[in-house]
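Step one of this worksheet: look at the structure below.
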Amino acid sequence: MTQLALDQLRAMDQFQWYVIFMFVVVLYIYFSEAKKKNFNAIFSALILYTIHWFVEIINALIQHFTGDALWAVPAGSAFVLLVGVGIELSFMFSIAGIVQTKLLPDDPKKKILGLPAPLAIGLGNAALASILEIFLSRTNVFFWAYWPWWSTWTVFLTVYIPFFVVSAYAYYWKRKSQLWFLIIGAIVNISMLIAFILIPWLITGKAMI
């Protein structure tokens, strides 16, 4: 199944027009938040998206060095960006942080089920995303290669908790902290993409990931 994903990796012949529509929807959501000056929501979402890309790059590197990714998208995507993520999933994660902020209270000290609100809401969204992966893993469009070692619990702990809990807390950070997280995260991600995709492609004509 991993090989099926690799066969479609950045293949232009899979492209569908709905990708353009999805891109415009993402822009509309961000521009709407910016017009309302809801910059904390924007930073929260971008921080989640930064973590998303870091995790996807690590998954692609695991595939490169072991032969199988922890998760793969063997079918159903109009454009497979990396072995474990199609463009549709990436667009979804680009706005998931904004969606989560609609649940966050103004006061981060507010308690939900005895937990700080950002932690409770982040864990709740992480759990929901992990449960959705159970359904996806039983379709032909998403695949867990290392089941049962890689399962709902490991996805919850190592992927979705960092996504949603960090993003939830980032909503309340000072602007300087939000900016530094994004800058460092962008440098790390872009450096890895250059090192593992662009440079190998320029040298050998084939990317590592």
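Naming scheme: A, B, ... for chains in displayed order of the structure tokens; residues 1 onward per chain; ligands 1 onward as shown.
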
Exercise for review: Could you give me, as a list in words, each residue of region 91-196 of chain A that DSSP assigns to strand (DSSP E) when run on this structure's backbone?
Suggested key: Lys111, Ile112, Leu115, Pro116, Phe143 and Trp144 of chain A

Go ahead and save the picked residues with N, CA and C atoms, as a short mmCIF file (atom, residue, chain, number, x, y, z; two decimals), in the first residue's frame.
data_model
loop_
_atom_site.label_atom_id
_atom_site.label_comp_id
_atom_site.auth_asym_id
_atom_site.auth_seq_id
_atom_site.Cartn_x
_atom_site.Cartn_y
_atom_site.Cartn_z
N LYS A 111 -12.04 26.07 33.59
CA LYS A 111 -11.92 24.62 33.71
C LYS A 111 -13.03 23.91 32.92
N ILE A 112 -12.67 22.82 32.31
CA ILE A 112 -13.61 21.91 31.66
C ILE A 112 -13.30 20.50 32.14
N LEU A 115 -10.09 20.19 33.98
CA LEU A 115 -8.84 20.49 33.28
C LEU A 115 -8.87 21.91 32.75
N PRO A 116 -7.70 22.54 32.59
CA PRO A 116 -7.68 23.85 31.93
C PRO A 116 -8.32 23.74 30.55
N PHE A 143 -3.84 4.21 5.06
CA PHE A 143 -3.26 2.92 5.44
C PHE A 143 -2.27 3.09 6.58
N TRP A 144 -2.41 2.24 7.60
CA TRP A 144 -1.41 2.12 8.67
C TRP A 144 -0.52 0.92 8.36
#

Check your understanding: Which residues come within 12 Å of Glu33 (chain A), counting only C-alpha atoms, excluding same-chain residues fewer than 4 positions away, as a list in words?
Key ->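 So the residues in contact are Val26, Leu27, Tyr28, Ile29, Lys37, Asn38, Phe39, Asn40, Ala41, Ile42, Phe43, Ser44, Ala45, Ile95, Ile98, Val99, Thr101 and Lys102 of chain A.
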
Using the selection just defined, write its residues with N, CA and C atoms as a PDB file, in the first residue's frame.
ATOM      1  N   VAL A  26      -9.992  28.035   1.775  1.00  0.00           N
ATOM      2  CA  VAL A  26      -8.993  28.255   2.825  1.00  0.00           C
ATOM      3  C   VAL A  26      -8.621  29.733   2.894  1.00  0.00           C
ATOM      4  N   LEU A  27      -8.388  30.355   1.735  1.00  0.00           N
ATOM      5  CA  LEU A  27      -8.073  31.779   1.718  1.00  0.00           C
ATOM      6  C   LEU A  27      -9.206  32.609   2.311  1.00  0.00           C
ATOM      7  N   TYR A  28     -10.439  32.267   1.960  1.00  0.00           N
ATOM      8  CA  TYR A  28     -11.597  33.001   2.480  1.00  0.00           C
ATOM      9  C   TYR A  28     -11.642  32.944   4.008  1.00  0.00           C
ATOM     10  N   ILE A  29     -11.389  31.757   4.555  1.00  0.00           N
ATOM     11  CA  ILE A  29     -11.429  31.594   6.008  1.00  0.00           C
ATOM     12  C   ILE A  29     -10.348  32.447   6.674  1.00  0.00           C
ATOM     13  N   LYS A  37      -9.679  40.907  12.647  1.00  0.00           N
ATOM     14  CA  LYS A  37      -8.494  41.094  13.494  1.00  0.00           C
ATOM     15  C   LYS A  37      -8.353  39.975  14.533  1.00  0.00           C
ATOM     16  N   ASN A  38      -8.777  38.810  14.140  1.00  0.00           N
ATOM     17  CA  ASN A  38      -8.683  37.648  15.020  1.00  0.00           C
ATOM     18  C   ASN A  38      -7.348  36.947  14.771  1.00  0.00           C
ATOM     19  N   PHE A  39      -6.278  37.678  15.056  1.00  0.00           N
ATOM     20  CA  PHE A  39      -4.949  37.191  14.707  1.00  0.00           C
ATOM     21  C   PHE A  39      -4.500  36.029  15.598  1.00  0.00           C
ATOM     22  N   ASN A  40      -5.011  35.951  16.804  1.00  0.00           N
ATOM     23  CA  ASN A  40      -4.669  34.807  17.648  1.00  0.00           C
ATOM     24  C   ASN A  40      -5.158  33.504  17.017  1.00  0.00           C
ATOM     25  N   ALA A  41      -6.333  33.540  16.394  1.00  0.00           N
ATOM     26  CA  ALA A  41      -6.854  32.354  15.713  1.00  0.00           C
ATOM     27  C   ALA A  41      -5.965  31.985  14.531  1.00  0.00           C
ATOM     28  N   ILE A  42      -5.525  32.988  13.799  1.00  0.00           N
ATOM     29  CA  ILE A  42      -4.661  32.730  12.642  1.00  0.00           C
ATOM     30  C   ILE A  42      -3.339  32.120  13.080  1.00  0.00           C
ATOM     31  N   PHE A  43      -2.725  32.684  14.113  1.00  0.00           N
ATOM     32  CA  PHE A  43      -1.459  32.136  14.593  1.00  0.00           C
ATOM     33  C   PHE A  43      -1.647  30.730  15.148  1.00  0.00           C
ATOM     34  N   SER A  44      -2.726  30.511  15.870  1.00  0.00           N
ATOM     35  CA  SER A  44      -3.012  29.182  16.400  1.00  0.00           C
ATOM     36  C   SER A  44      -3.112  28.161  15.276  1.00  0.00           C
ATOM     37  N   ALA A  45      -3.807  28.528  14.203  1.00  0.00           N
ATOM     38  CA  ALA A  45      -3.970  27.626  13.065  1.00  0.00           C
ATOM     39  C   ALA A  45      -2.653  27.370  12.348  1.00  0.00           C
ATOM     40  N   ILE A  95      -6.819  24.650   8.274  1.00  0.00           N
ATOM     41  CA  ILE A  95      -7.905  25.407   8.919  1.00  0.00           C
ATOM     42  C   ILE A  95      -8.387  24.750  10.208  1.00  0.00           C
ATOM     43  N   ILE A  98      -8.106  26.957  13.265  1.00  0.00           N
ATOM     44  CA  ILE A  98      -9.113  28.020  13.344  1.00  0.00           C
ATOM     45  C   ILE A  98     -10.428  27.460  13.867  1.00  0.00           C
ATOM     46  N   VAL A  99     -10.802  26.286  13.364  1.00  0.00           N
ATOM     47  CA  VAL A  99     -12.035  25.649  13.850  1.00  0.00           C
ATOM     48  C   VAL A  99     -11.954  25.428  15.354  1.00  0.00           C
ATOM     49  N   THR A 101     -10.300  27.092  17.592  1.00  0.00           N
ATOM     50  CA  THR A 101     -10.376  28.323  18.385  1.00  0.00           C
ATOM     51  C   THR A 101     -11.812  28.742  18.656  1.00  0.00           C
ATOM     52  N   LYS A 102     -12.753  28.303  17.838  1.00  0.00           N
ATOM     53  CA  LYS A 102     -14.160  28.646  18.066  1.00  0.00           C
ATOM     54  C   LYS A 102     -14.699  27.987  19.336  1.00  0.00           C
TER      55      LYS A 102
END

Exercise for review: Check the smallest atom-to-atom distance from each of A:Leu113, A:Leu179, A:Ala126, A:Ile199 to Tyr160 (chain A) using only C-alpha atoms, then report the winner.
Suggested key: A:Ala126

Exercise for review: Find the residue from A:Leu61, A:Ile47, A:Ala168, A:Leu70 that sits nearest to Trp150 (chain A); use only C-alpha atoms when measuring.
Suggested key: A:Leu70

**Study point:** Test item, helix (DSSP H, G or I) assignment across region 115-209 of chain A, answer as a PyMOL selection string
**Key:** chain A and resi 117-136+152-170+175-204

Pull C-alpha atoms from the residues just selected and write them as a PDB file, in the first residue's frame.
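Below is the file out.pdb, written as the result:
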ATOM      1  CA  ALA A 117      -9.862  24.657  28.931  1.00  0.00           C
ATOM      2  CA  PRO A 118      -7.041  24.665  26.328  1.00  0.00           C
ATOM      3  CA  LEU A 119      -5.874  21.235  27.506  1.00  0.00           C
ATOM      4  CA  ALA A 120      -9.378  19.767  27.648  1.00  0.00           C
ATOM      5  CA  ILE A 121     -10.374  21.082  24.223  1.00  0.00           C
ATOM      6  CA  GLY A 122      -7.046  20.104  22.680  1.00  0.00           C
ATOM      7  CA  LEU A 123      -7.303  16.566  24.064  1.00  0.00           C
ATOM      8  CA  GLY A 124     -10.908  16.309  22.935  1.00  0.00           C
ATOM      9  CA  ASN A 125     -10.060  17.294  19.376  1.00  0.00           C
ATOM     10  CA  ALA A 126      -7.036  14.999  19.386  1.00  0.00           C
ATOM     11  CA  ALA A 127      -9.262  12.118  20.477  1.00  0.00           C
ATOM     12  CA  LEU A 128     -11.836  12.924  17.786  1.00  0.00           C
ATOM     13  CA  ALA A 129      -9.182  13.015  15.056  1.00  0.00           C
ATOM     14  CA  SER A 130      -7.726   9.710  16.273  1.00  0.00           C
ATOM     15  CA  ILE A 131     -11.135   8.051  16.202  1.00  0.00           C
ATOM     16  CA  LEU A 132     -11.685   9.305  12.661  1.00  0.00           C
ATOM     17  CA  GLU A 133      -8.441   7.612  11.659  1.00  0.00           C
ATOM     18  CA  ILE A 134      -9.907   4.268  12.748  1.00  0.00           C
ATOM     19  CA  PHE A 135     -12.570   4.737  10.085  1.00  0.00           C
ATOM     20  CA  LEU A 136     -10.057   5.971   7.489  1.00  0.00           C
ATOM     21  CA  THR A 152      -5.219   4.888  17.430  1.00  0.00           C
ATOM     22  CA  TRP A 153      -3.339   5.304  20.709  1.00  0.00           C
ATOM     23  CA  THR A 154       0.053   6.015  19.163  1.00  0.00           C
ATOM     24  CA  VAL A 155      -1.524   8.452  16.681  1.00  0.00           C
ATOM     25  CA  PHE A 156      -3.326  10.156  19.567  1.00  0.00           C
ATOM     26  CA  LEU A 157      -0.200  10.477  21.722  1.00  0.00           C
ATOM     27  CA  THR A 158       2.475  11.319  19.158  1.00  0.00           C
ATOM     28  CA  VAL A 159       0.577  13.170  16.425  1.00  0.00           C
ATOM     29  CA  TYR A 160      -2.744  14.670  17.445  1.00  0.00           C
ATOM     30  CA  ILE A 161      -1.928  15.786  20.981  1.00  0.00           C
ATOM     31  CA  PRO A 162       0.959  17.928  19.665  1.00  0.00           C
ATOM     32  CA  PHE A 163      -1.306  19.222  16.881  1.00  0.00           C
ATOM     33  CA  PHE A 164      -4.280  20.283  18.938  1.00  0.00           C
ATOM     34  CA  VAL A 165      -2.972  20.865  22.467  1.00  0.00           C
ATOM     35  CA  VAL A 166      -0.049  23.047  21.385  1.00  0.00           C
ATOM     36  CA  SER A 167      -2.327  24.943  18.995  1.00  0.00           C
ATOM     37  CA  ALA A 168      -4.916  25.490  21.734  1.00  0.00           C
ATOM     38  CA  TYR A 169      -2.362  26.932  24.144  1.00  0.00           C
ATOM     39  CA  ALA A 170      -0.741  28.967  21.360  1.00  0.00           C
ATOM     40  CA  ARG A 175       2.491  37.599  19.824  1.00  0.00           C
ATOM     41  CA  LYS A 176       6.260  37.373  20.162  1.00  0.00           C
ATOM     42  CA  SER A 177       6.045  33.732  21.257  1.00  0.00           C
ATOM     43  CA  GLN A 178       3.637  32.912  18.424  1.00  0.00           C
ATOM     44  CA  LEU A 179       5.953  34.517  15.893  1.00  0.00           C
ATOM     45  CA  TRP A 180       9.064  32.764  17.178  1.00  0.00           C
ATOM     46  CA  PHE A 181       7.356  29.372  17.083  1.00  0.00           C
ATOM     47  CA  LEU A 182       6.276  29.942  13.485  1.00  0.00           C
ATOM     48  CA  ILE A 183       9.649  31.273  12.378  1.00  0.00           C
ATOM     49  CA  ILE A 184      11.612  28.398  13.918  1.00  0.00           C
ATOM     50  CA  GLY A 185       9.078  25.829  12.688  1.00  0.00           C
ATOM     51  CA  ALA A 186       9.131  27.254   9.167  1.00  0.00           C
ATOM     52  CA  ILE A 187      12.939  27.247   9.076  1.00  0.00           C
ATOM     53  CA  VAL A 188      13.057  23.620  10.226  1.00  0.00           C
ATOM     54  CA  ASN A 189      10.393  22.429   7.783  1.00  0.00           C
ATOM     55  CA  ILE A 190      11.690  24.358   4.775  1.00  0.00           C
ATOM     56  CA  SER A 191      15.262  23.241   5.500  1.00  0.00           C
ATOM     57  CA  MET A 192      14.177  19.588   5.586  1.00  0.00           C
ATOM     58  CA  LEU A 193      12.142  19.943   2.377  1.00  0.00           C
ATOM     59  CA  ILE A 194      15.148  21.496   0.632  1.00  0.00           C
ATOM     60  CA  ALA A 195      17.512  18.858   2.004  1.00  0.00           C
ATOM     61  CA  PHE A 196      15.322  15.841   1.247  1.00  0.00           C
ATOM     62  CA  ILE A 197      13.427  16.927  -1.874  1.00  0.00           C
ATOM     63  CA  LEU A 198      15.045  19.811  -3.735  1.00  0.00           C
ATOM     64  CA  ILE A 199      18.760  19.028  -3.367  1.00  0.00           C
ATOM     65  CA  PRO A 200      18.457  15.257  -4.107  1.00  0.00           C
ATOM     66  CA  TRP A 201      16.255  16.069  -7.109  1.00  0.00           C
ATOM     67  CA  LEU A 202      18.778  18.582  -8.459  1.00  0.00           C
ATOM     68  CA  ILE A 203      21.622  16.082  -8.031  1.00  0.00           C
ATOM     69  CA  THR A 204      20.011  12.784  -9.014  1.00  0.00           C
TER      70      THR A 204
END

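Coordinates place CA of Ala75 (chain A) at a distance of 4.5 Å from CA of Val141 (chain A).
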